[in-house]
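Trainee: Structure: upload_1.txt, compact mmCIF, C-alpha atoms.
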```txt
# COMPACT_ATOMS: atom_id res chain seq x y z
CA MET A 1273 -84.69 -83.88 24.25
CA LYS A 1274 -87.17 -83.97 27.10
CA LYS A 1275 -87.37 -86.24 30.10
CA ILE A 1276 -89.68 -88.73 28.35
CA ASP A 1277 -87.23 -89.00 25.44
CA LEU A 1278 -84.38 -89.57 27.86
CA VAL A 1279 -86.35 -92.31 29.64
CA GLN A 1280 -87.13 -93.93 26.28
CA ASN A 1281 -83.49 -93.87 25.15
CA LEU A 1282 -82.26 -95.26 28.46
CA THR A 1283 -84.86 -98.03 28.37
CA GLU A 1284 -83.49 -99.26 25.04
CA ASN A 1285 -80.12 -99.78 26.68
CA THR A 1286 -81.24 -101.90 29.62
CA SER A 1287 -83.28 -104.95 30.55
CA LEU A 1288 -85.30 -102.92 33.06
CA PRO A 1289 -88.92 -101.99 32.35
CA LYS A 1290 -89.63 -98.42 31.28
CA SER A 1291 -91.51 -97.71 34.52
CA ASP A 1292 -88.37 -98.51 36.53
CA VAL A 1293 -86.21 -96.36 34.27
CA LYS A 1294 -88.60 -93.46 34.80
CA LEU A 1295 -88.37 -93.89 38.57
CA ALA A 1296 -84.58 -94.04 38.29
CA VAL A 1297 -84.40 -90.85 36.21
CA ASP A 1298 -86.60 -89.01 38.71
CA LEU A 1299 -84.46 -90.32 41.55
CA ILE A 1300 -81.22 -89.22 39.86
CA ILE A 1301 -82.67 -85.74 39.35
CA ALA A 1302 -83.90 -85.68 42.95
CA SER A 1303 -80.51 -86.63 44.38
CA ILE A 1304 -78.72 -84.03 42.23
CA THR A 1305 -81.25 -81.43 43.39
CA GLN A 1306 -80.76 -82.40 47.01
CA SER A 1307 -76.98 -82.15 46.76
CA ILE A 1308 -77.19 -78.69 45.20
CA VAL A 1309 -79.63 -77.50 47.85
CA SER A 1310 -77.59 -78.87 50.77
CA GLY A 1311 -74.51 -77.13 49.40
CA GLU A 1312 -72.67 -80.42 49.06
CA GLY A 1313 -72.51 -80.12 45.26
CA VAL A 1314 -72.27 -82.69 42.49
CA GLU A 1315 -69.22 -83.70 40.52
CA ILE A 1316 -69.49 -85.87 37.40
CA ARG A 1317 -66.16 -86.46 35.67
CA GLY A 1318 -66.14 -85.19 32.09
CA PHE A 1319 -69.71 -83.96 32.30
CA GLY A 1320 -69.47 -81.20 34.85
CA GLY A 1321 -70.51 -80.18 38.30
CA PHE A 1322 -73.48 -78.59 40.03
CA LEU A 1323 -73.15 -76.26 42.96
CA LYS A 1324 -74.94 -73.36 44.56
CA LYS A 1325 -73.55 -69.87 44.37
CA HIS A 1326 -74.11 -67.02 46.72
CA ARG A 1327 -75.50 -63.73 45.39
CA LYS A 1328 -75.07 -60.62 47.49
CA ALA A 1329 -77.97 -58.35 48.35
CA ARG A 1330 -78.18 -55.46 45.89
CA GLN A 1331 -80.19 -52.44 44.84
CA GLY A 1332 -82.52 -53.46 42.05
CA ILE A 1333 -84.80 -51.50 39.79
CA ASN A 1334 -88.19 -52.80 38.78
CA PRO A 1335 -87.94 -52.49 34.99
CA LYS A 1336 -91.69 -51.95 34.65
CA THR A 1337 -92.13 -49.18 37.18
CA SER A 1338 -88.50 -47.94 37.45
CA GLU A 1339 -88.98 -48.23 41.19
CA ARG A 1340 -85.92 -48.94 43.32
CA THR A 1341 -86.12 -52.04 45.46
CA GLN A 1342 -83.77 -53.99 47.66
CA VAL A 1343 -82.93 -57.47 46.33
CA GLU A 1344 -82.09 -59.75 49.24
CA GLU A 1345 -79.03 -62.00 49.24
CA LYS A 1346 -79.74 -65.43 47.83
CA TYR A 1347 -78.31 -68.69 46.55
CA VAL A 1348 -78.64 -69.76 42.92
CA PRO A 1349 -78.01 -73.16 41.31
CA PHE A 1350 -75.02 -73.21 38.97
CA PHE A 1351 -73.68 -75.71 36.44
CA LYS A 1352 -70.02 -75.77 35.47
CA PRO A 1353 -69.50 -77.80 32.28
CA GLY A 1354 -66.67 -80.34 32.38
CA LYS A 1355 -63.71 -80.36 30.02
CA PHE A 1356 -65.01 -83.19 27.86
CA LEU A 1357 -68.51 -81.70 27.55
CA LYS A 1358 -67.03 -78.36 26.51
CA GLU A 1359 -64.92 -79.99 23.83
CA ILE A 1360 -67.62 -82.23 22.41
CA VAL A 1361 -70.17 -79.40 22.17
CA ASN A 1362 -67.71 -77.12 20.44
CA LYS A 1363 -66.72 -79.66 17.81
CA GLY A 1364 -69.97 -79.83 15.81
CA MET B 294 -67.66 -84.47 49.66
CA SER B 295 -69.65 -83.83 46.54
CA LEU B 296 -72.09 -86.29 45.04
CA SER B 297 -70.53 -88.65 42.49
CA LYS B 298 -71.89 -91.15 39.98
CA LYS B 299 -71.13 -93.89 42.47
CA ASN B 300 -73.25 -92.20 45.17
CA ILE B 301 -76.10 -91.80 42.70
CA ALA B 302 -75.91 -95.47 41.68
CA ASP B 303 -75.86 -96.52 45.36
CA GLU B 304 -79.01 -94.48 45.91
CA LEU B 305 -80.71 -96.26 42.99
CA VAL B 306 -79.83 -99.64 44.47
CA ARG B 307 -81.14 -98.56 47.87
CA GLU B 308 -84.42 -97.06 46.67
CA LEU B 309 -85.33 -99.23 43.68
CA GLU B 310 -84.92 -102.94 43.31
CA MET B 311 -82.03 -103.11 40.91
CA THR B 312 -78.54 -104.51 40.89
CA HIS B 313 -75.38 -102.46 41.25
CA ALA B 314 -74.52 -103.21 37.63
CA GLN B 315 -77.91 -101.97 36.41
CA ALA B 316 -77.75 -98.87 38.60
CA LEU B 317 -74.26 -97.98 37.48
CA GLN B 318 -75.13 -98.46 33.82
CA LEU B 319 -78.25 -96.30 34.14
CA THR B 320 -76.31 -93.56 35.88
CA ASN B 321 -73.56 -93.60 33.27
CA ASP B 322 -76.09 -93.67 30.43
CA PHE B 323 -78.03 -90.80 31.99
CA PHE B 324 -75.09 -88.41 31.70
CA ASP B 325 -73.85 -89.91 28.41
CA GLN B 326 -77.27 -89.38 26.81
CA ILE B 327 -77.41 -85.75 27.88
CA GLN B 328 -73.84 -85.23 26.69
CA ALA B 329 -74.48 -86.89 23.31
CA THR B 330 -77.63 -84.85 22.75
CA LEU B 331 -75.88 -81.59 23.56
CA ALA B 332 -73.06 -82.61 21.21
CA THR B 333 -75.53 -82.61 18.31
CA GLY B 334 -76.56 -79.09 19.25
CA GLU B 335 -79.94 -80.13 20.63
CA GLU B 336 -81.20 -78.79 23.95
CA VAL B 337 -82.02 -81.02 26.90
CA LYS B 338 -85.07 -80.08 28.95
CA LEU B 339 -85.64 -81.89 32.21
CA SER B 340 -88.87 -80.77 33.80
CA SER B 341 -88.73 -80.07 37.54
CA PHE B 342 -84.98 -79.58 37.17
CA GLY B 343 -83.78 -77.30 34.37
CA ASN B 344 -82.69 -76.91 30.77
CA PHE B 345 -79.28 -77.39 29.20
CA VAL B 346 -78.98 -75.04 26.25
CA ILE B 347 -76.26 -74.40 23.68
CA ARG B 348 -75.20 -70.80 23.28
CA GLU B 349 -73.22 -69.49 20.35
CA LYS B 350 -70.44 -67.13 21.38
CA ALA B 351 -69.06 -64.70 18.82
CA ALA B 352 -65.30 -64.31 18.42
CA ARG B 353 -63.87 -61.60 20.66
CA PRO B 354 -60.48 -60.08 21.32
CA GLY B 355 -58.72 -61.48 24.34
CA ARG B 356 -55.33 -61.34 25.95
CA ASN B 357 -52.90 -63.95 27.10
CA PRO B 358 -52.68 -63.10 30.78
CA LYS B 359 -49.17 -64.48 31.05
CA THR B 360 -47.52 -62.64 28.17
CA GLY B 361 -49.94 -59.73 27.71
CA GLU B 362 -50.16 -60.66 24.06
CA SER B 363 -53.40 -59.89 22.18
CA VAL B 364 -55.10 -62.93 20.71
CA GLU B 365 -58.50 -63.47 19.18
CA ILE B 366 -60.77 -65.85 21.09
CA SER B 367 -62.50 -67.85 18.36
CA ALA B 368 -66.26 -68.15 18.00
CA ARG B 369 -67.49 -71.13 19.96
CA LYS B 370 -70.46 -72.99 21.37
CA VAL B 371 -70.90 -73.32 25.10
CA VAL B 372 -73.32 -75.24 27.29
CA SER B 373 -75.31 -73.23 29.72
CA PHE B 374 -77.71 -74.53 32.33
CA LYS B 375 -80.90 -72.69 33.09
CA ALA B 376 -82.35 -73.87 36.36
CA GLY B 377 -86.12 -74.35 36.47
CA PRO B 378 -88.34 -72.50 38.96
CA LYS B 379 -88.59 -75.47 41.32
CA LEU B 380 -84.83 -75.93 41.60
CA LYS B 381 -84.27 -72.18 41.98
CA LYS B 382 -86.78 -71.95 44.77
CA LEU B 383 -85.38 -74.95 46.65
CA THR B 384 -81.81 -73.65 46.35
CA GLN B 385 -82.80 -70.25 47.64
CA ILE B 386 -84.47 -71.64 50.72
CA GLY B 387 -81.96 -74.42 51.36
```
In structure tokens, write the structure found in this file.

Mentor:
Amino acid sequence: MKKIDLVQNLTENTSLPKSDVKLAVDLIIASITQSIVSGEGVEIRGFGGFLKKHRKARQGINPKTSERTQVEEKYVPFFKPGKFLKEIVNKG
Amino acid sequence: MSLSKKNIADELVRELEMTHAQALQLTNDFFDQIQATLATGEEVKLSSFGNFVIREKAARPGRNPKTGESVEISARKVVSFKAGPKLKKLTQIG
């Protein structure tokens, strides 16, 4: 399922026009993104949570050239699936 | 305080002209749709955000940490989220 499919499915469930649903989906994604970036995090009961995780600086090796390089510390986005999502995915 | 469905719905009301009821329903449906799709084993790809993919885990030996007993952890499916380049970049800077 891609974003357009999601918009289509959501539109069928509401009285709002598709153009509004598209704006809403983009806005939901934007506010989740913003909360990850700010470090505030997102928590959706049953579904899961988004947060950013810290990664320490480390020695890396360029796999192409085998050259050693320093990888700087960084933050990466992380999703932790909720209990219900875990269960429902595992059932099928 | 982390972002909740209520905060997201409030944002929708503020930014777009819709009622609280519409905003709340859209927000609930948004996550329900993703959940239902993943439940069927299908991936969810949201451009400019990231992809939710299903990964098959093989059974592996594990241990009950409380009793030290050996148990087999059964084969299972797990959801994993692969952040897109835009989200990764923003997170790194932010």

Trainee: Which neighbours of A:Leu1282 fall inside 10 Å, counting all atoms listed in the file, when residues of the same chain fewer than 2 positions from it are skipped, and could you give them as a list in words?

Mentor: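 Counting all atoms listed in the file, the residues come to Ile1276, Asp1277, Leu1278, Val1279, Gln1280, Glu1284, Asn1285, Thr1286, Ser1287, Leu1288, Lys1290, Val1293, Lys1294 and Val1297 of chain A; Gln318, Leu319, Thr320, Asp322, Phe323, Asp325 and Gln326 of chain B.
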
Trainee: Find the spatial neighbours of A:Gly1321, counting all atoms listed in the file, within a cut-off of 12 Å - ignore same-chain residues fewer than 5 positions away - and output them as a tab-separated table (two decimals) with C-alpha atoms, keeping the file's coordinate frame.

Mentor:
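The result, written out as out_26.tsv:
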```tsv
chain	number	residue	atom	x	y	z
A	1304	ILE	CA	-78.72	-84.03	42.23
A	1305	THR	CA	-81.25	-81.43	43.39
A	1307	SER	CA	-76.98	-82.15	46.76
A	1308	ILE	CA	-77.19	-78.69	45.20
A	1312	GLU	CA	-72.67	-80.42	49.06
A	1313	GLY	CA	-72.51	-80.12	45.26
A	1314	VAL	CA	-72.27	-82.69	42.49
A	1315	GLU	CA	-69.22	-83.70	40.52
A	1316	ILE	CA	-69.49	-85.87	37.40
A	1349	PRO	CA	-78.01	-73.16	41.31
A	1350	PHE	CA	-75.02	-73.21	38.97
A	1351	PHE	CA	-73.68	-75.71	36.44
A	1352	LYS	CA	-70.02	-75.77	35.47
A	1353	PRO	CA	-69.50	-77.80	32.28
A	1354	GLY	CA	-66.67	-80.34	32.38
A	1355	LYS	CA	-63.71	-80.36	30.02
A	1357	LEU	CA	-68.51	-81.70	27.55
B	295	SER	CA	-69.65	-83.83	46.54
B	296	LEU	CA	-72.09	-86.29	45.04
B	297	SER	CA	-70.53	-88.65	42.49
B	298	LYS	CA	-71.89	-91.15	39.98
B	324	PHE	CA	-75.09	-88.41	31.70
B	374	PHE	CA	-77.71	-74.53	32.33
```

Trainee: Measuring atom to atom with all atoms listed in the file, identify which of A:Thr1337, A:Gln1342, A:Gln1331, A:Thr1283 is nearest to chain B.

Mentor: A:Thr1283

Trainee: Please identify every residue of chain B that has at least one atom no more than 9 Å from any atom of chain A, counting only C-alpha atoms, and report them as a ChimeraX atom specification.

Mentor: /B:294-298,301-302,304-305,308-311,315-316,318-320,322-342,347,369-376,380-387

Trainee: Please, what distance in Å, to one decimal, runs between atom CA of B:Lys299 and atom CA of B:Ala314?

Mentor: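 Separating atom CA of B:Lys299 from atom CA of B:Ala314 is a distance of 11.0 Å.
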
Trainee: Suppose you want the space between atom CA of B:Gly377 and atom CA of B:Phe345; what is it in Å?

Mentor: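 Atom CA of B:Gly377 sits 10.4 Å away from atom CA of B:Phe345.
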
Trainee: Once 5 Å is added on each side, what centre and edge lengths in Å to one decimal does the axis-aligned box around all listed atoms of stretch 367-379 of chain B have, as lines of an AutoDock Vina configuration file?

Mentor:
```
center_x = -75.5
center_y = -71.7
center_z = 29.7
size_x = 36.1
size_y = 17.6
size_z = 33.3
```

Trainee: One number please: atom CA of B:Ser367 to atom CA of B:Glu349, in Å, one decimal.

Mentor: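 Atom-to-atom, atom CA of B:Ser367 and atom CA of B:Glu349 are spaced 11.0 Å apart.
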
Trainee: What would the file be for stretch 1286-1316 of chain A if you keep N, CA, C and O atoms and write it as a PDB file, in the first residue's frame?

Mentor:
```pdb
ATOM      1  N   THR A1286     -15.107   8.606   4.838  1.00  0.00           N
ATOM      2  CA  THR A1286     -15.424   9.932   5.365  1.00  0.00           C
ATOM      3  C   THR A1286     -16.234  10.736   4.354  1.00  0.00           C
ATOM      4  O   THR A1286     -16.304  10.381   3.182  1.00  0.00           O
ATOM      5  N   SER A1287     -16.816  11.825   4.821  1.00  0.00           N
ATOM      6  CA  SER A1287     -17.582  12.689   3.927  1.00  0.00           C
ATOM      7  C   SER A1287     -16.698  13.755   3.292  1.00  0.00           C
ATOM      8  O   SER A1287     -17.132  14.520   2.439  1.00  0.00           O
ATOM      9  N   LEU A1288     -15.427  13.791   3.721  1.00  0.00           N
ATOM     10  CA  LEU A1288     -14.513  14.821   3.208  1.00  0.00           C
ATOM     11  C   LEU A1288     -14.069  14.512   1.776  1.00  0.00           C
ATOM     12  O   LEU A1288     -13.971  13.352   1.397  1.00  0.00           O
ATOM     13  N   PRO A1289     -13.802  15.565   0.984  1.00  0.00           N
ATOM     14  CA  PRO A1289     -13.284  15.328  -0.361  1.00  0.00           C
ATOM     15  C   PRO A1289     -11.860  14.752  -0.313  1.00  0.00           C
ATOM     16  O   PRO A1289     -11.128  14.973   0.660  1.00  0.00           O
ATOM     17  N   LYS A1290     -11.519  14.032  -1.373  1.00  0.00           N
ATOM     18  CA  LYS A1290     -10.220  13.363  -1.443  1.00  0.00           C
ATOM     19  C   LYS A1290      -9.058  14.336  -1.261  1.00  0.00           C
ATOM     20  O   LYS A1290      -8.051  14.012  -0.622  1.00  0.00           O
ATOM     21  N   SER A1291      -9.235  15.564  -1.833  1.00  0.00           N
ATOM     22  CA  SER A1291      -8.147  16.547  -1.728  1.00  0.00           C
ATOM     23  C   SER A1291      -7.859  16.907  -0.271  1.00  0.00           C
ATOM     24  O   SER A1291      -6.701  17.086   0.120  1.00  0.00           O
ATOM     25  N   ASP A1292      -8.918  16.973   0.542  1.00  0.00           N
ATOM     26  CA  ASP A1292      -8.739  17.269   1.968  1.00  0.00           C
ATOM     27  C   ASP A1292      -8.071  16.106   2.679  1.00  0.00           C
ATOM     28  O   ASP A1292      -7.222  16.299   3.563  1.00  0.00           O
ATOM     29  N   VAL A1293      -8.470  14.884   2.307  1.00  0.00           N
ATOM     30  CA  VAL A1293      -7.880  13.700   2.941  1.00  0.00           C
ATOM     31  C   VAL A1293      -6.382  13.642   2.640  1.00  0.00           C
ATOM     32  O   VAL A1293      -5.569  13.334   3.504  1.00  0.00           O
ATOM     33  N   LYS A1294      -6.025  14.008   1.400  1.00  0.00           N
ATOM     34  CA  LYS A1294      -4.609  14.003   1.030  1.00  0.00           C
ATOM     35  C   LYS A1294      -3.827  15.002   1.877  1.00  0.00           C
ATOM     36  O   LYS A1294      -2.758  14.699   2.394  1.00  0.00           O
ATOM     37  N   LEU A1295      -4.404  16.200   2.038  1.00  0.00           N
ATOM     38  CA  LEU A1295      -3.766  17.215   2.881  1.00  0.00           C
ATOM     39  C   LEU A1295      -3.605  16.700   4.315  1.00  0.00           C
ATOM     40  O   LEU A1295      -2.577  16.901   4.950  1.00  0.00           O
ATOM     41  N   ALA A1296      -4.662  16.026   4.786  1.00  0.00           N
ATOM     42  CA  ALA A1296      -4.638  15.516   6.163  1.00  0.00           C
ATOM     43  C   ALA A1296      -3.555  14.462   6.332  1.00  0.00           C
ATOM     44  O   ALA A1296      -2.807  14.476   7.322  1.00  0.00           O
ATOM     45  N   VAL A1297      -3.439  13.548   5.358  1.00  0.00           N
ATOM     46  CA  VAL A1297      -2.423  12.499   5.441  1.00  0.00           C
ATOM     47  C   VAL A1297      -1.024  13.122   5.458  1.00  0.00           C
ATOM     48  O   VAL A1297      -0.173  12.751   6.274  1.00  0.00           O
ATOM     49  N   ASP A1298      -0.811  14.105   4.574  1.00  0.00           N
ATOM     50  CA  ASP A1298       0.495  14.772   4.554  1.00  0.00           C
ATOM     51  C   ASP A1298       0.772  15.491   5.870  1.00  0.00           C
ATOM     52  O   ASP A1298       1.904  15.501   6.356  1.00  0.00           O
ATOM     53  N   LEU A1299      -0.267  16.056   6.448  1.00  0.00           N
ATOM     54  CA  LEU A1299      -0.112  16.776   7.707  1.00  0.00           C
ATOM     55  C   LEU A1299       0.190  15.812   8.865  1.00  0.00           C
ATOM     56  O   LEU A1299       1.016  16.099   9.736  1.00  0.00           O
ATOM     57  N   ILE A1300      -0.479  14.661   8.861  1.00  0.00           N
ATOM     58  CA  ILE A1300      -0.216  13.654   9.898  1.00  0.00           C
ATOM     59  C   ILE A1300       1.244  13.204   9.813  1.00  0.00           C
ATOM     60  O   ILE A1300       1.964  13.166  10.818  1.00  0.00           O
ATOM     61  N   ILE A1301       1.691  12.917   8.581  1.00  0.00           N
ATOM     62  CA  ILE A1301       3.075  12.482   8.385  1.00  0.00           C
ATOM     63  C   ILE A1301       4.049  13.589   8.806  1.00  0.00           C
ATOM     64  O   ILE A1301       5.047  13.325   9.472  1.00  0.00           O
ATOM     65  N   ALA A1302       3.695  14.839   8.478  1.00  0.00           N
ATOM     66  CA  ALA A1302       4.562  15.959   8.850  1.00  0.00           C
ATOM     67  C   ALA A1302       4.649  16.123  10.358  1.00  0.00           C
ATOM     68  O   ALA A1302       5.727  16.387  10.905  1.00  0.00           O
ATOM     69  N   SER A1303       3.516  15.937  11.064  1.00  0.00           N
ATOM     70  CA  SER A1303       3.599  16.148  12.516  1.00  0.00           C
ATOM     71  C   SER A1303       4.312  14.981  13.207  1.00  0.00           C
ATOM     72  O   SER A1303       5.003  15.192  14.196  1.00  0.00           O
ATOM     73  N   ILE A1304       4.183  13.771  12.657  1.00  0.00           N
ATOM     74  CA  ILE A1304       4.967  12.651  13.205  1.00  0.00           C
ATOM     75  C   ILE A1304       6.456  12.932  12.992  1.00  0.00           C
ATOM     76  O   ILE A1304       7.263  12.805  13.917  1.00  0.00           O
ATOM     77  N   THR A1305       6.800  13.345  11.762  1.00  0.00           N
ATOM     78  CA  THR A1305       8.200  13.643  11.441  1.00  0.00           C
ATOM     79  C   THR A1305       8.762  14.689  12.399  1.00  0.00           C
ATOM     80  O   THR A1305       9.846  14.512  12.966  1.00  0.00           O
ATOM     81  N   GLN A1306       7.983  15.746  12.603  1.00  0.00           N
ATOM     82  CA  GLN A1306       8.449  16.834  13.451  1.00  0.00           C
ATOM     83  C   GLN A1306       8.694  16.374  14.890  1.00  0.00           C
ATOM     84  O   GLN A1306       9.663  16.772  15.525  1.00  0.00           O
ATOM     85  N   SER A1307       7.806  15.489  15.380  1.00  0.00           N
ATOM     86  CA  SER A1307       7.959  15.017  16.750  1.00  0.00           C
ATOM     87  C   SER A1307       9.136  14.062  16.907  1.00  0.00           C
ATOM     88  O   SER A1307       9.724  13.978  17.984  1.00  0.00           O
ATOM     89  N   ILE A1308       9.471  13.339  15.843  1.00  0.00           N
ATOM     90  CA  ILE A1308      10.662  12.488  15.895  1.00  0.00           C
ATOM     91  C   ILE A1308      11.894  13.391  15.920  1.00  0.00           C
ATOM     92  O   ILE A1308      12.778  13.230  16.757  1.00  0.00           O
ATOM     93  N   VAL A1309      11.911  14.352  15.007  1.00  0.00           N
ATOM     94  CA  VAL A1309      13.074  15.224  14.860  1.00  0.00           C
ATOM     95  C   VAL A1309      13.345  16.034  16.130  1.00  0.00           C
ATOM     96  O   VAL A1309      14.492  16.167  16.568  1.00  0.00           O
ATOM     97  N   SER A1310      12.273  16.539  16.759  1.00  0.00           N
ATOM     98  CA  SER A1310      12.455  17.360  17.958  1.00  0.00           C
ATOM     99  C   SER A1310      12.867  16.514  19.161  1.00  0.00           C
ATOM    100  O   SER A1310      13.307  17.048  20.181  1.00  0.00           O
ATOM    101  N   GLY A1311      12.719  15.191  19.036  1.00  0.00           N
ATOM    102  CA  GLY A1311      13.086  14.318  20.146  1.00  0.00           C
ATOM    103  C   GLY A1311      11.932  14.048  21.090  1.00  0.00           C
ATOM    104  O   GLY A1311      12.046  13.274  22.041  1.00  0.00           O
ATOM    105  N   GLU A1312      10.798  14.690  20.799  1.00  0.00           N
ATOM    106  CA  GLU A1312       9.614  14.539  21.639  1.00  0.00           C
ATOM    107  C   GLU A1312       9.056  13.112  21.544  1.00  0.00           C
ATOM    108  O   GLU A1312       8.640  12.524  22.537  1.00  0.00           O
ATOM    109  N   GLY A1313       9.054  12.566  20.346  1.00  0.00           N
ATOM    110  CA  GLY A1313       8.572  11.202  20.132  1.00  0.00           C
ATOM    111  C   GLY A1313       7.072  11.142  19.914  1.00  0.00           C
ATOM    112  O   GLY A1313       6.356  12.107  20.143  1.00  0.00           O
ATOM    113  N   VAL A1314       6.616   9.990  19.428  1.00  0.00           N
ATOM    114  CA  VAL A1314       5.208   9.774  19.128  1.00  0.00           C
ATOM    115  C   VAL A1314       4.772   8.494  19.817  1.00  0.00           C
ATOM    116  O   VAL A1314       5.518   7.515  19.841  1.00  0.00           O
ATOM    117  N   GLU A1315       3.576   8.504  20.400  1.00  0.00           N
ATOM    118  CA  GLU A1315       3.093   7.282  21.012  1.00  0.00           C
ATOM    119  C   GLU A1315       1.649   7.043  20.616  1.00  0.00           C
ATOM    120  O   GLU A1315       0.762   7.812  20.963  1.00  0.00           O
ATOM    121  N   ILE A1316       1.412   5.974  19.842  1.00  0.00           N
ATOM    122  CA  ILE A1316       0.069   5.623  19.405  1.00  0.00           C
ATOM    123  C   ILE A1316      -0.275   4.277  20.033  1.00  0.00           C
ATOM    124  O   ILE A1316       0.335   3.260  19.694  1.00  0.00           O
TER     125      ILE A1316
END
```
